[in-house]
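Q: Next comes final.cif, mmCIF, C-alpha atoms:
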```cif
data_work
loop_
_atom_site.label_atom_id
_atom_site.label_comp_id
_atom_site.auth_asym_id
_atom_site.auth_seq_id
_atom_site.Cartn_x
_atom_site.Cartn_y
_atom_site.Cartn_z
CA MET A 1 126.30 82.54 109.95
CA PRO A 2 128.08 79.21 109.46
CA THR A 3 128.28 77.66 106.01
CA THR A 4 128.27 73.97 106.80
CA SER A 5 125.01 72.06 106.70
CA ILE A 6 123.05 71.92 109.92
CA ALA A 7 121.63 68.77 111.48
CA LEU A 8 118.20 69.00 113.03
CA ASN A 9 116.42 67.14 115.73
CA GLU A 10 113.20 66.69 113.80
CA THR A 11 110.31 66.26 116.14
CA ALA A 12 106.89 65.74 114.58
CA ALA A 13 106.09 69.43 115.09
CA VAL A 14 109.33 70.51 113.40
CA ARG A 15 108.74 68.17 110.51
CA ARG A 16 105.23 69.47 110.00
CA LEU A 17 106.48 73.06 109.90
CA LEU A 18 109.33 72.15 107.55
CA SER A 19 106.99 70.33 105.15
CA LEU A 20 104.84 73.45 104.85
CA ALA A 21 107.81 75.81 104.73
CA ASP A 22 109.78 73.78 102.19
CA ASP A 23 106.70 73.44 99.95
CA ALA A 24 106.31 77.21 99.94
CA LEU A 25 110.01 77.99 99.52
CA VAL A 26 110.69 75.52 96.71
CA LEU A 27 107.58 76.42 94.71
CA GLY A 28 108.25 80.09 95.43
CA HIS A 29 111.77 79.73 94.07
CA ARG A 30 110.56 77.88 90.98
CA THR A 31 107.92 80.53 90.35
CA SER A 32 110.50 83.29 90.73
CA GLU A 33 112.50 81.69 87.92
CA TRP A 34 109.96 83.17 85.49
CA THR A 35 111.15 86.66 86.34
CA GLY A 36 112.61 88.01 83.12
CA HIS A 37 111.09 85.21 81.03
CA ALA A 38 107.31 85.50 81.29
CA PRO A 39 105.30 85.80 78.06
CA LEU A 40 103.80 89.18 79.03
CA LEU A 41 104.87 91.94 81.38
CA GLU A 42 101.53 91.56 83.17
CA GLU A 43 102.14 87.84 83.75
CA GLU A 44 105.70 88.49 84.83
CA LEU A 45 104.42 90.61 87.69
CA ALA A 46 101.63 88.17 88.48
CA LEU A 47 104.12 85.31 88.86
CA ALA A 48 106.57 87.47 90.81
CA ASN A 49 103.74 88.44 93.18
CA ILE A 50 102.84 84.80 93.70
CA ALA A 51 106.47 83.85 94.27
CA LEU A 52 106.77 86.57 96.90
CA ASP A 53 103.58 85.40 98.62
CA LEU A 54 105.01 81.89 98.84
CA ILE A 55 108.42 83.00 100.06
CA GLY A 56 106.69 85.20 102.64
CA GLN A 57 104.75 82.16 103.87
CA ALA A 58 107.98 80.15 103.99
CA ARG A 59 109.68 82.80 106.11
CA LEU A 60 106.94 82.78 108.74
CA LEU A 61 107.02 79.00 108.87
CA TYR A 62 110.83 78.84 109.15
CA GLN A 63 110.68 81.40 111.93
CA ALA A 64 108.21 79.15 113.74
CA ALA A 65 110.45 76.14 113.13
CA GLY A 66 113.38 78.20 114.35
CA GLU A 67 111.77 78.66 117.72
CA LEU A 68 111.69 74.88 118.10
CA THR A 69 115.13 74.13 116.64
CA GLY A 70 117.19 77.17 117.59
CA HIS A 71 118.10 77.84 113.96
CA SER A 72 117.43 81.05 112.08
CA GLU A 73 115.15 81.12 109.03
CA ASP A 74 118.21 81.66 106.83
CA GLU A 75 119.98 78.64 108.29
CA LEU A 76 116.92 76.49 107.72
CA ALA A 77 116.59 77.65 104.11
CA TYR A 78 120.23 77.79 103.12
CA LEU A 79 122.07 75.25 105.24
CA ARG A 80 120.16 72.05 104.64
CA ASP A 81 120.98 69.56 101.89
CA PRO A 82 118.36 67.96 99.62
CA PRO A 83 117.66 64.92 101.84
CA ALA A 84 116.75 67.27 104.70
CA PHE A 85 114.09 69.03 102.63
CA ARG A 86 110.53 67.89 103.31
CA ASN A 87 108.74 69.43 100.31
CA ALA A 88 106.50 67.39 98.05
CA LEU A 89 108.21 66.36 94.81
CA ILE A 90 105.79 68.34 92.63
CA MET A 91 107.23 71.62 93.96
CA GLU A 92 110.74 70.96 92.71
CA LEU A 93 109.92 69.81 89.16
CA PRO A 94 111.36 72.24 86.60
CA ASN A 95 108.94 74.89 85.32
CA GLY A 96 108.61 73.39 81.86
CA ASP A 97 106.46 75.57 79.62
CA PHE A 98 103.91 78.13 80.78
CA ALA A 99 101.12 75.55 80.76
CA PHE A 100 103.09 73.28 83.08
CA THR A 101 103.82 76.15 85.46
CA ILE A 102 100.17 77.19 85.54
CA ALA A 103 98.83 73.65 85.86
CA ARG A 104 101.15 72.93 88.80
CA LEU A 105 100.29 76.22 90.47
CA PHE A 106 96.62 75.35 90.19
CA LEU A 107 96.88 71.77 91.49
CA VAL A 108 99.14 72.79 94.37
CA SER A 109 97.23 75.95 95.31
CA VAL A 110 93.97 74.05 95.73
CA ALA A 111 95.70 71.68 98.16
CA SER A 112 97.45 74.51 100.02
CA ASP A 113 94.28 76.53 100.28
CA GLN A 114 92.35 73.63 101.73
CA ASN A 115 95.17 72.93 104.14
CA TRP A 116 95.28 76.52 105.40
CA ARG A 117 91.53 76.49 105.93
CA ARG A 118 91.27 73.32 107.98
CA GLY A 119 91.93 75.12 111.29
CA PHE A 120 94.98 74.87 113.56
CA ASP A 121 95.27 74.60 117.35
CA ASP A 122 98.74 76.07 117.23
CA PRO A 123 98.46 79.89 117.41
CA THR A 124 101.50 80.47 115.17
CA LEU A 125 100.19 78.20 112.42
CA SER A 126 96.80 79.73 112.86
CA ALA A 127 98.25 83.20 112.22
CA VAL A 128 100.18 82.02 109.16
CA ALA A 129 97.02 80.36 107.84
CA GLU A 130 95.01 83.54 108.28
CA LYS A 131 97.43 85.39 105.99
CA ALA A 132 98.15 82.53 103.59
CA LYS A 133 94.57 81.59 102.78
CA LYS A 134 93.90 85.01 101.28
CA GLU A 135 96.97 84.58 99.09
CA THR A 136 96.13 81.04 98.00
CA THR A 137 92.59 82.12 97.10
CA TYR A 138 94.09 84.48 94.55
CA HIS A 139 96.66 81.91 93.37
CA ILE A 140 93.80 79.50 92.61
CA ARG A 141 91.83 82.19 90.82
CA HIS A 142 94.78 83.23 88.69
CA ALA A 143 95.93 79.71 87.82
CA ALA A 144 92.42 78.35 87.24
CA GLU A 145 91.44 81.15 84.88
CA TRP A 146 94.66 80.65 82.91
CA LEU A 147 94.23 76.88 82.84
CA ILE A 148 90.68 77.24 81.49
CA ARG A 149 91.92 79.56 78.75
CA LEU A 150 94.85 77.34 77.85
CA GLY A 151 92.80 74.15 77.86
CA ASP A 152 89.89 75.71 76.01
CA GLY A 153 92.14 77.83 73.81
CA THR A 154 93.98 76.88 70.66
CA GLU A 155 94.93 73.38 69.62
CA GLU A 156 98.49 74.10 70.70
CA SER A 157 97.59 75.52 74.10
CA HIS A 158 95.21 72.61 74.71
CA ARG A 159 97.93 70.10 73.84
CA ARG A 160 100.39 71.75 76.22
CA ALA A 161 97.86 72.00 79.04
CA ARG A 162 96.85 68.37 78.59
CA ASN A 163 100.48 67.22 78.62
CA ALA A 164 101.09 69.24 81.77
CA ILE A 165 98.12 67.77 83.64
CA ASP A 166 99.06 64.25 82.54
CA ALA A 167 102.68 64.70 83.65
CA LEU A 168 101.77 66.31 86.97
CA TRP A 169 98.97 63.96 87.98
CA PRO A 170 101.23 61.20 89.44
CA PHE A 171 102.80 63.84 91.70
CA THR A 172 99.51 64.95 93.24
CA GLY A 173 99.30 62.09 95.74
CA GLU A 174 101.74 63.85 98.03
CA ILE A 175 100.11 67.26 98.29
CA THR A 176 96.84 66.45 99.99
CA GLU A 177 95.45 63.94 102.44
CA GLN A 178 91.92 65.01 101.56
CA ARG A 179 91.85 63.89 97.96
CA ALA A 180 88.06 63.82 97.63
CA ALA A 181 87.80 67.44 98.75
CA TRP A 182 90.70 68.39 96.48
CA LEU A 183 89.06 66.71 93.48
CA GLN A 184 85.84 68.55 94.22
CA VAL A 185 87.63 71.77 93.27
CA VAL A 186 90.00 70.40 90.63
CA THR A 187 87.55 68.34 88.56
CA PRO A 188 85.15 71.17 87.61
CA VAL A 189 88.05 73.38 86.50
CA LEU A 190 89.52 70.62 84.33
CA HIS A 191 86.06 70.15 82.89
CA ARG A 192 85.71 73.85 82.06
CA ALA A 193 89.18 73.71 80.55
CA THR A 194 88.02 70.77 78.38
CA LEU A 195 90.92 68.76 79.80
CA ARG A 196 90.63 65.06 80.41
CA GLN A 197 91.15 64.18 84.07
CA PRO A 198 93.77 61.42 84.31
CA GLU A 199 92.99 58.20 86.14
CA ASP A 200 94.38 57.97 89.64
CA GLY A 201 97.12 55.36 89.36
CA TRP A 202 100.65 55.01 90.65
CA MET A 203 101.57 58.08 92.70
CA GLN A 204 105.11 59.37 93.18
CA SER A 205 106.14 60.01 96.76
CA GLY A 206 109.21 60.38 98.92
CA GLY A 207 109.61 64.13 99.15
CA ARG A 208 108.37 64.28 102.72
CA ALA A 209 110.98 61.67 103.65
CA GLY A 210 113.78 63.50 101.84
CA ARG A 211 113.90 61.23 98.77
CA HIS A 212 113.91 63.85 96.06
CA THR A 213 114.20 64.03 92.30
CA GLU A 214 117.52 65.10 90.84
CA HIS A 215 116.03 68.55 90.28
CA LEU A 216 116.03 69.69 93.90
CA GLY A 217 119.82 69.58 94.21
CA HIS A 218 120.21 71.92 91.25
CA LEU A 219 117.57 74.27 92.59
CA LEU A 220 119.19 74.39 96.02
CA ALA A 221 122.66 74.86 94.55
CA GLU A 222 121.47 78.00 92.84
CA MET A 223 119.50 79.19 95.84
CA GLN A 224 122.15 78.45 98.45
CA ILE A 225 125.41 79.31 96.71
CA LEU A 226 125.49 82.93 97.77
CA PRO A 227 124.98 82.53 101.52
CA ARG A 228 127.21 79.45 101.57
CA THR A 229 130.00 81.21 99.68
CA TYR A 230 129.69 84.59 101.38
CA PRO A 231 128.41 83.87 104.88
CA GLY A 232 126.45 86.74 106.37
CA ALA A 233 126.24 88.61 103.05
CA ILE A 234 123.58 91.32 103.16
CA TRP A 235 122.02 93.63 100.57
CA MET B 1 114.95 79.82 77.31
CA GLY B 2 117.06 81.74 74.81
CA ARG B 3 116.57 85.38 73.99
CA GLU B 4 115.43 84.52 70.49
CA THR B 5 112.68 82.23 71.71
CA ARG B 6 111.48 84.85 74.12
CA GLY B 7 111.50 87.58 71.53
CA ARG B 8 109.46 85.48 69.18
CA ARG B 9 106.95 84.60 71.82
CA GLN B 10 106.61 88.13 73.00
CA GLY B 11 106.23 89.37 69.47
CA ARG B 12 103.45 86.89 68.85
CA VAL B 13 101.58 87.79 71.98
CA MET B 14 101.86 91.53 71.42
CA ALA B 15 100.71 91.23 67.83
CA ASP B 16 97.87 88.91 68.74
CA PRO B 17 94.59 90.79 68.41
CA ALA B 18 93.24 88.47 71.13
CA THR B 19 95.46 90.27 73.65
CA ARG B 20 93.61 93.55 73.83
CA LEU B 21 94.56 96.73 75.64
CA TRP B 22 92.57 97.76 78.72
CA GLU B 23 92.61 100.99 80.70
CA VAL B 24 92.91 100.58 84.45
CA PHE B 25 91.24 102.78 87.07
CA VAL B 26 92.05 102.30 90.75
CA ARG B 27 90.23 103.68 93.76
CA ALA B 28 92.60 104.07 96.67
CA ARG B 29 90.18 104.82 99.51
CA ASN B 30 86.52 104.94 100.26
CA GLY B 31 85.09 108.27 99.23
CA LEU B 32 87.63 108.91 96.51
CA ALA B 33 87.02 108.55 92.79
CA HIS B 34 88.64 105.86 90.66
CA ARG B 35 91.70 107.35 89.00
CA HIS B 36 93.38 106.29 85.81
CA ALA B 37 96.45 104.22 86.74
CA GLY B 38 97.64 102.96 83.35
CA SER B 39 96.88 100.14 80.97
CA VAL B 40 97.39 96.39 80.66
CA HIS B 41 97.25 93.78 77.93
CA ALA B 42 94.81 90.92 78.50
CA ALA B 43 92.68 88.54 76.48
CA ASP B 44 89.43 89.27 78.31
CA ALA B 45 87.85 91.15 81.20
CA GLU B 46 88.70 88.68 83.98
CA MET B 47 92.35 88.47 82.96
CA ALA B 48 92.47 92.25 82.59
CA LEU B 49 91.19 92.65 86.15
CA GLN B 50 93.82 90.23 87.42
CA ALA B 51 96.57 91.93 85.42
CA ALA B 52 95.48 95.32 86.78
CA ARG B 53 95.60 93.95 90.31
CA ASP B 54 99.04 92.46 89.74
CA VAL B 55 100.56 95.48 88.02
CA TYR B 56 98.93 98.46 89.76
CA THR B 57 98.07 97.43 93.33
CA ARG B 58 101.29 95.84 94.53
CA ARG B 59 101.94 98.43 97.23
CA GLY B 60 98.54 98.68 98.82
CA GLU B 61 97.27 101.31 96.37
CA GLY B 62 93.82 99.96 95.82
CA LEU B 63 90.46 99.04 97.27
CA SER B 64 88.66 98.78 93.95
CA ILE B 65 89.64 98.38 90.31
CA TRP B 66 87.84 99.15 87.08
CA VAL B 67 89.09 97.93 83.72
CA VAL B 68 87.70 99.29 80.48
CA PRO B 69 88.60 98.20 76.95
CA SER B 70 90.86 100.95 75.60
CA ALA B 71 88.86 100.81 72.37
CA ALA B 72 85.78 101.93 74.32
CA ILE B 73 87.42 105.23 75.27
CA VAL B 74 86.16 108.14 73.16
CA ALA B 75 88.81 110.83 73.09
CA SER B 76 88.69 114.45 72.06
CA ASP B 77 90.59 115.40 68.94
CA PRO B 78 93.78 117.32 69.74
CA THR B 79 93.12 119.60 66.77
CA ASP B 80 89.88 120.75 68.48
CA LYS B 81 91.93 122.20 71.32
CA GLU B 82 91.21 125.82 70.39
CA SER B 83 87.46 125.49 70.19
CA LEU B 84 87.07 123.12 73.13
CA PHE B 85 89.35 124.55 75.74
CA GLU B 86 90.58 128.05 74.97
CA PRO B 87 87.24 129.84 75.40
CA THR B 88 87.34 129.12 79.13
CA GLY B 89 90.54 131.11 79.48
CA SER B 90 88.67 134.43 79.49
CA LYS B 91 86.10 133.37 82.08
CA ILE B 92 87.96 133.77 85.32
CA TYR B 93 84.65 134.36 87.14
CA ARG B 94 84.08 130.64 86.99
CA HIS B 95 86.83 130.12 89.55
CA PRO B 96 85.55 130.34 93.12
CA THR B 97 87.95 133.13 94.02
CA PHE B 98 85.50 136.02 94.38
CA TYR B 99 84.21 135.11 97.80
CA GLU B 100 85.28 136.34 101.20
CA VAL B 101 85.38 133.21 103.34
CA PRO B 102 84.48 134.11 106.95
CA ASP B 103 87.16 133.11 109.44
CA GLU B 104 84.63 131.06 111.41
CA VAL B 105 84.38 128.61 108.50
CA GLY B 106 87.90 127.42 109.14
CA ASN B 107 89.45 125.07 106.62
CA MET B 108 87.35 124.33 103.58
#
```
Here is the file; what I need is its structure written in the form of structure tokens.
A:
Amino acid sequence: MPTTSIALNETAAVRRLLSLADDALVLGHRTSEWTGHAPLLEEELALANIALDLIGQARLLYQAAGELTGHSEDELAYLRDPPAFRNALIMELPNGDFAFTIARLFLVSVASDQNWRRGFDDPTLSAVAEKAKKETTYHIRHAAEWLIRLGDGTEESHRRARNAIDALWPFTGEITEQRAAWLQVVTPVLHRATLRQPEDGWMQSGGRAGRHTEHLGHLLAEMQILPRTYPGAIW
Amino acid sequence: MGRETRGRRQGRVMADPATRLWEVFVRARNGLAHRHAGSVHAADAEMALQAARDVYTRRGEGLSIWVVPSAAIVASDPTDKESLFEPTGSKIYRHPTFYEVPDEVGNM
């Protein structure tokens, strides 16, 4: 495997696959950062399971993109620089506290779940969706139940959950094109969590076009250093 | 997050009476009984069910999960061992080993 960054001929189909794959990989990597740090052993495994679901989805999508670009899944994950990543900005934001991690997982999972359920003509995407929608159903359940308990919990947990939702809201414009349907799921959960739903105002964007926050470079540096330093390294 | 922060947080969660202990029972296949798999900490039944799923069914072990508050388990007293269990030791006729099984029966 080479170690220099690859350049892709990004057709619309490739870009669509990379958007989905990069979303899953970057959020999967962020979620995996909790390993060794979660507040409870039970939650540690829950987050690790979710991270592995997401990375599994990313692999299938990179394999599909590989058939169009001639690059392996590893090359697509490890040999692209931040501007070549097509993930939404919300995926790359640092984990923050547990409330932030859970709130993001909830907001993103609702969008992903709806996306996987909309139906695909492409047989490969259709197969990925069949597997992914079962996983996202559980991700929503897990994150929503936590968010309700944090929001409707102690004063401290409510404050943290509210701050998380407020901080994340401007990043939710990029994760769904069906905002009304997305809100139909999100709003009742915020209500049960006794969390105020922020007004829709200015929305951050640019991730799909490769204009990322400063956080993605750090994430990729950590994720890519091993294969770039030791090409072809295996377990 | 430093080790100190984590230790403090963990200590608080573990000591929190809101994070109760639950016993987990998993049924692996249709027709089998639920078997005790272990225990989890969780604040309530829904979170206990999720924790059980995440901790004890990661390798395809389960089709069904039960969680029961550990406090609801009524256990026998170890000091009653003699009176509860030893009397059966002299009653070997309770074991089904006094039958001739006809060959035609095959595997039982």
Q: Would you give me, as a tab-separated table, each residue of chain A having an atom within 12 Å of an atom of chain B, along with its shortest atom pair and that distance in Å to one decimal, using only C-alpha atoms and sorting by chain and residue number?
A:
```
residue	atom	partner	partner_atom	distance
A:Glu33	CA	B:Met1	CA	11.0
A:Trp34	CA	B:Met1	CA	10.2
A:Thr35	CA	B:Met1	CA	11.9
A:Gly36	CA	B:Arg6	CA	9.6
A:His37	CA	B:Arg6	CA	6.9
A:Ala38	CA	B:Arg6	CA	8.3
A:Pro39	CA	B:Gln10	CA	5.7
A:Leu40	CA	B:Gln10	CA	6.7
A:Leu41	CA	B:His41	CA	8.6
A:Glu42	CA	B:Ala51	CA	5.5
A:Glu43	CA	B:Ala51	CA	7.1
A:Glu44	CA	B:Asp54	CA	9.2
A:Leu45	CA	B:Asp54	CA	6.0
A:Ala46	CA	B:Asp54	CA	5.2
A:Leu47	CA	B:Asp54	CA	8.8
A:Ala48	CA	B:Asp54	CA	9.1
A:Asn49	CA	B:Asp54	CA	7.1
A:Ile50	CA	B:Asp54	CA	9.4
A:Leu52	CA	B:Arg58	CA	11.0
A:Asp53	CA	B:Arg58	CA	11.4
A:Asn95	CA	B:Met1	CA	11.2
A:Gly96	CA	B:Met1	CA	10.1
A:Asp97	CA	B:Met1	CA	9.8
A:Phe98	CA	B:Arg9	CA	11.5
A:Tyr138	CA	B:Gln50	CA	9.2
A:His139	CA	B:Gln50	CA	10.6
A:Ile140	CA	B:Gln50	CA	11.9
A:Arg141	CA	B:Gln50	CA	9.0
A:His142	CA	B:Gln50	CA	7.2
A:Ala143	CA	B:Met47	CA	10.6
A:Ala144	CA	B:Met47	CA	11.0
A:Glu145	CA	B:Met47	CA	7.6
A:Trp146	CA	B:Met47	CA	8.2
A:Leu147	CA	B:Met47	CA	11.7
A:Ile148	CA	B:Met47	CA	11.4
A:Arg149	CA	B:Ala43	CA	9.3
A:Leu150	CA	B:Ala43	CA	11.5
A:Gly153	CA	B:Ala18	CA	11.0
A:Thr154	CA	B:Ala18	CA	11.6
```
Q: Given the file shown, enumerate the residues that the PyMOL selection byres ((chain A and resi 25) around 10) captures and present them as a ChimeraX atom specification.
A: /A:18-24,26-31,51-59,61-62,77,87,91-92
Q: Hey, what comes out of the PyMOL selection byres ((chain A and resi 6-16) around 8) on this file? Could you write it as a list in words?
A: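 Going through the file, the PyMOL selection byres ((chain A and resi 6-16) around 8) ends up selecting Thr4, Ser5, Leu17, Leu18, Ser19, Leu20, Ala65, Leu68, Thr69, Glu75, Leu76, Leu79, Arg80 and Arg86 of chain A.
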Q: Give me, please, the distance in Å between atom CA of A:Ala164 and atom CA of A:Thr101, quoted to one decimal.
A: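 Between these atoms lies a distance of 8.3 Å.
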Q: Taking the file as I've supplied it (selection: the PyMOL selection byres ((chain B and resi 67-69) around 6)), which residues are included? Please answer as number ranges by chain.
A: B: 22-24, 66, 70-72
Q: Any idea what's packed within 10 Å of B:Ser64, counting all atoms listed in the file, ignoring anything in its chain fewer than 6 positions away? Could you give it as a PyMOL selection string?
A: chain B and resi 25-30+33-34+53+57
Q: For the residues selected in the previous step, produce a file with C-alpha atoms as a tab-separated table (two decimals), keeping the file's coordinate frame.
A:
```tsv
chain	number	residue	atom	x	y	z
B	25	PHE	CA	91.24	102.78	87.07
B	26	VAL	CA	92.05	102.30	90.75
B	27	ARG	CA	90.23	103.68	93.76
B	28	ALA	CA	92.60	104.07	96.67
B	29	ARG	CA	90.18	104.82	99.51
B	30	ASN	CA	86.52	104.94	100.26
B	33	ALA	CA	87.02	108.55	92.79
B	34	HIS	CA	88.64	105.86	90.66
B	53	ARG	CA	95.60	93.95	90.31
B	57	THR	CA	98.07	97.43	93.33
```
Q: Do you know which residues lie at most 10 Å from (96.1, 82.0, 102.1), with coordinates as in the file and only C-alpha atoms counted, and could you write them as a ChimeraX atom specification?
A: /A:53-54,57,109,112-117,128-139
Q: For atom CA of A:Pro94 and atom CA of A:Arg162, quote the distance in Å rounded to one decimal.
A: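 Atom CA of A:Arg162 lies 17.0 Å from atom CA of A:Pro94.
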Q: If you take every atom of stretch 89-103 of chain B that the file lists and fit an axis-aligned box around them with 3 Å extra on each side, what centre and edge lengths come out in Å to one decimal, as JSON?
A:
```
{"center_x": 87.3, "center_y": 133.2, "center_z": 94.5, "size_x": 12.5, "size_y": 12.2, "size_z": 36.0}
```
Q: Quote the spacing between atom CA of A:Phe171 and atom CA of A:Gln197 in Å to one decimal place.
A: 13.9 Å
Q: If you count all atoms listed in the file, which residues fall within 9 Å of A:His158, apart from same-chain ones fewer than 6 positions away, as a list of chain:residue names?
A: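 The contact residues come out as A:Ala99, A:Arg149, A:Leu150, A:Gly151, A:Asp152, A:Ala193, A:Thr194, A:Leu195.
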Q: Between A:Thr187, A:Arg160, A:Gly217, A:Ile102, which has the minimum distance to A:Phe85 (counting all atoms listed in the file)?
A: A:Gly217
Q: Which one is closest to A:Thr124: A:Leu60, A:Val108, A:Ile175, A:Ala88? Count all atoms listed in the file.
A: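 Result for the nearest residue to A:Thr124: A:Leu60.
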